[in-house]
file structure-v1.cif (mmCIF, C-alpha atoms)
data_entry
#
loop_
_atom_site.label_atom_id
_atom_site.label_comp_id
_atom_site.auth_asym_id
_atom_site.auth_seq_id
_atom_site.Cartn_x
_atom_site.Cartn_y
_atom_site.Cartn_z
CA MET F 1 -4.59 -72.91 69.82
CA THR F 2 -2.03 -74.03 72.41
CA GLU F 3 -3.50 -75.95 75.31
CA MET F 4 -2.63 -74.38 78.66
CA SER F 5 -0.94 -76.44 81.34
CA PRO F 6 -3.23 -77.37 84.25
CA GLN F 7 -0.80 -75.57 86.57
CA THR F 8 -1.22 -72.27 84.70
CA ASP F 9 -3.02 -69.64 86.77
CA THR F 10 -4.78 -67.31 84.38
CA ASN F 11 -5.68 -65.01 87.29
CA ALA F 12 -2.14 -64.75 88.64
CA GLU F 13 -1.07 -61.27 89.65
CA PRO F 14 2.37 -60.00 88.56
CA ASP F 15 5.13 -60.83 91.01
CA HIS F 16 6.26 -58.20 93.47
CA PRO F 17 10.03 -57.59 93.67
CA TYR F 18 12.35 -59.57 95.88
CA THR F 19 12.80 -58.24 99.40
CA ARG F 20 16.04 -56.73 100.62
CA GLY F 21 16.77 -59.94 102.49
CA ALA F 22 16.20 -61.96 99.31
CA LEU F 23 18.72 -59.83 97.43
CA ALA F 24 21.24 -60.35 100.23
CA ARG F 25 20.67 -64.12 100.05
CA LEU F 26 21.06 -64.00 96.28
CA MET F 27 24.41 -62.24 96.71
CA LEU F 28 25.49 -65.04 99.05
CA SER F 29 24.34 -67.78 96.65
CA ASP F 30 26.22 -66.04 93.85
CA ALA F 31 29.40 -65.94 95.95
CA HIS F 32 29.08 -69.61 96.87
CA ARG F 33 28.66 -70.51 93.21
CA ASP F 34 31.83 -68.60 92.25
CA THR F 35 33.77 -70.28 95.06
CA ALA F 36 32.47 -73.74 94.17
CA GLU F 37 33.26 -73.36 90.47
CA THR F 38 36.79 -72.25 91.23
CA ALA F 39 37.32 -75.13 93.67
CA LEU F 40 35.97 -77.69 91.19
CA SER F 41 38.31 -76.45 88.48
CA ARG F 42 41.28 -77.22 90.76
CA VAL F 43 40.31 -80.84 91.53
CA GLY F 44 41.64 -82.41 88.33
CA THR F 45 45.31 -83.36 87.98
CA HIS F 46 45.67 -83.80 84.21
CA ASP F 47 47.47 -80.43 83.78
CA ASP F 48 49.95 -80.91 86.64
CA SER F 49 52.80 -81.88 84.32
CA SER F 50 52.06 -79.21 81.74
CA ASP F 51 54.84 -76.82 80.74
CA THR F 52 52.37 -73.97 81.30
CA ILE F 53 52.38 -74.57 85.07
CA ALA F 54 54.80 -72.16 86.71
CA PRO F 55 56.33 -72.53 90.17
CA GLY F 56 53.87 -71.25 92.76
CA ASP F 57 50.74 -71.62 90.56
CA PHE F 58 49.07 -74.06 92.94
CA VAL F 59 49.64 -71.72 95.87
CA ARG F 60 48.28 -68.79 93.84
CA GLU F 61 45.20 -70.84 92.95
CA ALA F 62 44.65 -71.70 96.61
CA ALA F 63 45.07 -68.04 97.52
CA GLU F 64 42.42 -67.11 94.95
CA LEU F 65 40.07 -69.69 96.44
CA LEU F 66 40.69 -68.22 99.88
CA ARG F 67 39.90 -64.73 98.56
CA LEU F 68 36.61 -65.96 97.12
CA ALA F 69 35.76 -67.72 100.38
CA GLU F 70 36.42 -64.54 102.36
CA HIS F 71 34.17 -62.65 99.94
CA ALA F 72 31.44 -65.23 100.55
CA GLN F 73 31.96 -64.82 104.29
CA ARG F 74 31.40 -61.05 104.06
CA ARG F 75 28.20 -61.63 102.10
CA ALA F 76 27.12 -64.20 104.68
CA VAL F 77 27.52 -61.57 107.42
CA VAL F 78 25.42 -59.10 105.40
CA TYR F 79 22.70 -61.73 105.02
CA GLU F 80 22.84 -62.62 108.72
CA ARG F 81 22.35 -58.96 109.60
CA GLU F 82 19.36 -58.78 107.24
CA ARG F 83 17.95 -61.76 109.16
CA GLY F 84 18.35 -59.86 112.41
CA THR F 85 21.37 -61.81 113.69
CA SER F 86 23.23 -59.93 116.42
CA TRP F 87 26.90 -59.05 116.27
CA GLU F 88 27.34 -61.22 119.35
CA ASP F 89 26.00 -64.29 117.52
CA ILE F 90 28.11 -63.52 114.44
CA GLY F 91 31.20 -63.17 116.61
CA GLU F 92 30.45 -66.45 118.37
CA ALA F 93 30.13 -68.24 115.01
CA LEU F 94 33.60 -66.93 114.06
CA GLY F 95 35.19 -67.49 117.45
CA ILE F 96 35.73 -63.77 118.11
CA THR F 97 34.07 -61.08 120.23
CA LYS F 98 31.08 -59.07 119.03
CA GLN F 99 33.30 -55.97 119.04
CA SER F 100 35.82 -57.68 116.76
CA ALA F 101 33.04 -58.90 114.47
CA HIS F 102 31.61 -55.40 114.23
CA ALA F 103 35.01 -53.84 113.55
CA ARG F 104 35.71 -56.43 110.87
CA PHE F 105 32.43 -56.41 108.96
CA ALA F 106 30.43 -53.25 109.79
CA GLU F 107 31.85 -51.40 106.79
CA TYR F 108 30.51 -54.03 104.38
CA VAL F 109 27.11 -54.09 106.09
CA ASN F 110 26.87 -50.29 105.89
CA GLU F 111 27.80 -50.34 102.20
CA TRP F 112 24.91 -52.75 101.70
CA THR F 113 22.25 -50.89 103.67
CA GLU F 114 22.99 -47.30 102.61
CA PRO F 115 21.58 -47.43 99.03
CA PHE F 116 18.34 -48.93 100.37
CA GLU F 117 17.93 -46.38 103.14
CA LYS F 118 19.20 -43.38 101.14
CA PRO F 119 18.73 -44.29 97.46
CA GLU F 120 19.53 -42.01 94.55
CA ARG F 121 15.86 -42.22 93.56
CA ARG F 122 12.83 -44.47 93.93
CA HIS F 123 10.84 -46.43 91.39
CA PRO F 124 7.11 -45.75 90.95
CA ASP F 125 6.39 -48.76 93.16
CA GLY F 126 8.36 -47.25 96.07
CA THR F 127 11.37 -49.59 95.88
CA ALA F 128 14.87 -48.12 96.00
CA ASP F 129 16.60 -47.34 92.70
CA ASP F 130 20.34 -47.02 93.12
CA ARG F 131 23.35 -48.11 91.09
CA ARG F 132 24.94 -49.53 94.24
CA ILE F 133 22.18 -52.11 94.72
CA PRO F 134 23.39 -55.49 93.39
CA TYR F 135 21.47 -56.71 90.35
CA GLY F 136 19.17 -53.71 90.52
CA ALA F 137 15.88 -53.81 92.39
CA ARG F 138 13.83 -54.12 89.21
CA TYR F 139 11.64 -57.01 88.27
CA ALA F 140 9.17 -55.74 85.68
CA PRO F 141 9.59 -56.75 82.01
CA GLY F 142 11.05 -53.94 79.94
CA ALA F 143 12.69 -52.20 82.90
CA ALA F 144 16.28 -51.07 82.60
CA VAL F 145 18.70 -53.82 83.60
CA PRO F 146 22.06 -52.81 85.16
CA ALA F 147 25.35 -54.17 83.84
CA ALA F 148 25.46 -56.81 86.58
CA GLY F 149 22.12 -58.21 85.45
CA SER F 150 18.81 -58.28 87.27
CA ALA F 151 17.89 -60.21 90.39
CA GLU F 152 15.39 -62.29 88.41
CA LYS F 153 17.98 -63.25 85.79
CA THR F 154 20.62 -64.02 88.39
CA ALA F 155 18.25 -66.24 90.38
CA ALA F 156 17.22 -68.11 87.23
CA ALA F 157 20.88 -68.59 86.25
CA LEU F 158 21.66 -69.98 89.72
CA ASP F 159 18.66 -72.33 89.40
CA ARG F 160 20.08 -73.71 86.15
CA TRP F 161 23.60 -74.00 87.59
CA LEU F 162 22.45 -75.90 90.67
CA ARG F 163 20.20 -78.24 88.68
CA ARG F 164 23.27 -79.43 86.79
CA HIS F 165 24.73 -80.85 90.01
CA ASP F 166 23.79 -84.08 91.76
CA GLY F 167 21.09 -83.80 94.37
CA TRP F 168 19.33 -80.82 92.85
CA ALA F 169 18.20 -82.04 89.44
CA ASP F 170 14.70 -82.87 90.67
CA GLN F 171 14.04 -79.30 91.86
CA GLU F 172 12.90 -76.76 89.28
CA HIS F 173 13.72 -73.67 91.34
CA PRO F 174 16.31 -74.67 93.98
CA VAL F 175 17.40 -71.03 94.47
CA SER F 176 14.61 -68.71 93.37
CA GLY F 177 11.84 -70.90 94.79
CA SER F 178 12.48 -69.87 98.39
CA LEU F 179 13.57 -66.26 97.90
CA PRO F 180 10.93 -64.07 99.57
CA ARG F 181 9.11 -61.32 97.71
CA TYR F 182 7.33 -58.33 99.16
CA SER F 183 3.68 -58.95 99.94
CA THR F 184 1.05 -56.57 98.58
CA ARG F 185 0.60 -55.15 102.06
CA GLU F 186 4.33 -54.53 102.38
CA MET F 187 4.38 -52.88 98.95
CA SER F 188 1.58 -50.58 100.09
CA LEU F 189 3.68 -49.53 103.09
CA LEU F 190 6.70 -48.98 100.81
CA VAL F 191 4.67 -46.70 98.54
CA GLY F 192 3.36 -44.69 101.48
CA ASP F 193 6.87 -44.31 102.88
CA ALA F 194 8.20 -43.27 99.45
CA ALA F 195 5.52 -40.58 99.14
CA PHE F 196 6.37 -39.28 102.62
CA ARG F 197 10.10 -39.24 101.87
CA MET F 198 9.48 -37.44 98.60
CA ARG F 199 7.86 -34.57 100.50
CA ILE F 200 10.63 -34.51 103.10
CA ASP F 201 13.64 -34.89 100.79
CA GLN F 202 12.52 -32.66 97.92
CA LEU F 203 11.63 -28.99 98.23
CA LEU F 204 9.34 -29.20 95.19
CA PRO F 205 8.46 -32.86 94.49
CA ASP F 206 7.67 -33.84 90.91
CA PRO F 207 3.84 -33.91 90.91
CA HIS F 208 3.72 -36.56 88.20
CA ALA F 209 6.10 -38.84 90.09
CA GLU F 210 4.07 -38.32 93.26
CA ALA F 211 0.86 -39.01 91.33
CA ASP F 212 2.38 -42.27 90.03
CA LEU F 213 2.96 -43.36 93.63
CA TRP F 214 -0.63 -42.69 94.65
CA GLU F 215 -2.03 -44.42 91.57
CA PHE F 216 0.05 -47.49 92.36
CA HIS F 217 -1.11 -47.26 95.98
CA ALA F 218 -4.70 -47.45 94.72
CA GLU F 219 -3.89 -50.50 92.61
CA LEU F 220 -2.37 -52.20 95.65
CA GLN F 221 -5.50 -51.57 97.75
CA GLU F 222 -7.60 -53.23 95.05
CA ARG F 223 -5.14 -56.10 94.72
CA MET F 224 -5.37 -56.79 98.46
CA ILE F 225 -9.12 -57.14 98.06
CA ARG F 226 -8.71 -59.63 95.19
CA GLU F 227 -6.08 -61.62 97.09
CA SER F 228 -8.30 -61.80 100.16
CA GLU F 229 -11.20 -63.06 98.05
CA ARG F 230 -8.94 -65.82 96.71
CA GLY F 231 -7.99 -66.96 100.22
CA GLY F 232 -5.00 -64.71 100.82
CA LEU F 233 -4.31 -62.52 103.84
CA PRO F 234 -7.49 -61.24 105.53
CA LEU F 235 -8.25 -57.55 105.18
CA HIS F 236 -7.87 -55.23 108.15
CA PRO F 237 -11.38 -54.79 109.61
CA LYS F 238 -10.88 -51.06 110.25
CA ILE F 239 -9.72 -50.17 106.73
CA ASP F 240 -12.16 -49.39 103.92
CA TYR F 241 -10.01 -50.58 101.03
CA PRO F 242 -12.25 -49.35 98.17
CA GLN F 243 -12.43 -45.94 99.83
CA GLU F 244 -8.64 -45.89 100.30
CA ALA F 245 -8.19 -46.70 96.62
CA ALA F 246 -10.60 -43.94 95.62
CA ARG F 247 -8.80 -41.42 97.83
CA SER F 248 -5.43 -42.34 96.37
CA ARG F 249 -6.72 -41.96 92.81
CA ALA F 250 -8.33 -38.63 93.66
CA ARG F 251 -5.04 -37.44 95.13
CA ALA F 252 -3.16 -38.52 92.01
CA ALA F 253 -5.69 -36.74 89.79
CA ALA F 254 -5.41 -33.55 91.86
CA LEU F 255 -1.62 -33.61 91.58
CA ARG F 256 -1.75 -34.00 87.80
CA GLU F 257 -4.39 -31.28 87.48
CA ALA F 258 -2.33 -28.88 89.59
CA ALA F 259 0.73 -29.65 87.47
CA GLY F 260 -1.26 -28.97 84.30
CA ARG F 261 -2.47 -25.62 85.58
CA ALA F 262 1.08 -24.71 86.61
CA ASN F 263 2.28 -25.51 83.08
CA ILE F 264 -0.39 -23.24 81.60
CA ARG F 265 0.55 -20.44 83.99
CA ASP F 266 4.24 -20.75 83.15
CA ALA F 267 3.44 -20.65 79.44
CA GLN F 268 1.48 -17.38 79.67
CA PRO F 269 3.15 -14.13 78.52
CA ALA F 270 4.48 -11.96 81.32
CA GLY F 271 1.97 -9.36 82.51
CA SER F 272 -1.07 -11.11 81.05
CA GLY F 273 -2.88 -10.57 84.34
CA GLU F 274 -4.48 -13.99 84.26
CA GLY F 275 -4.13 -15.68 87.65
CA ILE F 276 -4.18 -19.39 88.21
CA GLU F 277 -5.73 -20.64 91.41
CA GLU F 278 -3.34 -22.99 93.17
CA SER F 279 -4.52 -26.42 94.10
CA VAL F 280 -4.50 -27.43 97.73
CA ARG F 281 -2.88 -30.81 97.96
#

call {"tool": "encode", "arguments": {"input": "structure-v1.cif", "output": "structure tokens"}}
result
Amino acid sequence: MTEMSPQTDTNAEPDHPYTRGALARLMLSDAHRDTAETALSRVGTHDDSSDTIAPGDFVREAAELLRLAEHAQRRAVVYERERGTSWEDIGEALGITKQSAHARFAEYVNEWTEPFEKPERRHPDGTADDRRIPYGARYAPGAAVPAAGSAEKTAAALDRWLRRHDGWADQEHPVSGSLPRYSTREMSLLVGDAAFRMRIDQLLPDPHAEADLWEFHAELQERMIRESERGGLPLHPKIDYPQEAARSRARAAALREAAGRANIRDAQPAGSGEGIEESVR
């Protein structure tokens, strides 16, 4: 039997996904890595006399580096906005007015925020699911990973890349270690908001999808209790967490039961005369 490391926490809960701000920071780290790698590849001089070097190649290489730096700058503005930085402060950092900063970068910021605020769909945990979200918002093992890779994989790859450079070798997680994740309380709010939006945005919400949200909401209430018992955030004194969990599970069960009865009704021959009492949600 393999002996467990003393640092292993056998009671550890699964990680929640990275926050929106963490994904924006990851985008910025990714852009800095691309810029740094390109710059490093241009430092050496051993190929300067090669017959493969055409007139203007060094200028083209510098232009490519400038393009990558401008891309990193746009991602930096997105991250600053996620941090709550005003357009006035962004403009001051660039030596321009807030109006000029807004005119220059608002389009990129809007492209970033839209899939989070109006996603194509939502995952059962309430987080946005949209092809436009970099890396995907998934974190659970076995979940579909978009072509660009997942946030977890990208953060781990950046950890490895940075550890190979002087000054970072002694840090195990120089990138991922400080990326914030949603707290259990924040996840509970996300689930509640997703359930509300489902009722608003869809004329006939999928009862099973809605039930999944409420079941996860119940799990989060119970997790908050466990975390509080282990010294985490204190529970709100006016909330009965076990009762909230029970209510959420009862709501999920009622949704699934109503969906089952609807399926039976739809499967009955026309004119059978057998009525199905509708469930009050």

call {"tool": "atom_distance", "arguments": {"input": "structure-v1.cif", "atom1": "CA of Asp212 (chain F)", "atom2": "CA of Ser188 (chain F)"}}
result
13.1 Å

call {"tool": "atom_distance", "arguments": {"input": "structure-v1.cif", "atom1": "CA of Thr35 (chain F)", "atom2": "CA of Ala128 (chain F)"}}
result
29.1 Å

call {"tool": "atom_distance", "arguments": {"input": "structure-v1.cif", "atom1": "CA of Leu220 (chain F)", "atom2": "CA of Met187 (chain F)"}}
result
7.5 Å

call {"tool": "axis_aligned_box", "arguments": {"input": "structure-v1.cif", "around": "region 56-74 of chain F", "padding_each_side": "3 Å", "output": "JSON"}}
result
{"center_x": 42.6, "center_y": -67.6, "center_z": 97.4, "size_x": 28.5, "size_y": 19.0, "size_z": 19.7}

call {"tool": "resolve_selection", "arguments": {"input": "structure-v1.cif", "expression": "the PyMOL selection byres ((chain F and resi 117) around 12)", "output": "list in words"}}
result
Arg20, Asn110, Glu111, Trp112, Thr113, Glu114, Pro115, Phe116, Lys118, Pro119, Glu120, Arg121, Arg122, Gly126, Thr127, Ala128, Asp129, Asp130, Arg132, Ile133, Leu190, Asp193, Ala194 and Arg197 of chain F

call {"tool": "residues_around", "arguments": {"input": "structure-v1.cif", "residues": "Glu186 (chain F)", "least_positions_apart": "3", "cutoff": "12 Å", "atoms": "only C-alpha atoms", "output": "NGL selection string"}}
result
:F and (16-19 or 125-127 or 180-183 or 189-193 or 217 or 220-221 or 224 or 233)

call {"tool": "closest_residue", "arguments": {"input": "structure-v1.cif", "among": "F:Val175, F:Ala246, F:Ala103, F:Met27", "to": "Gln73 (chain F)", "atoms": "all atoms listed in the file"}}
result
F:Met27
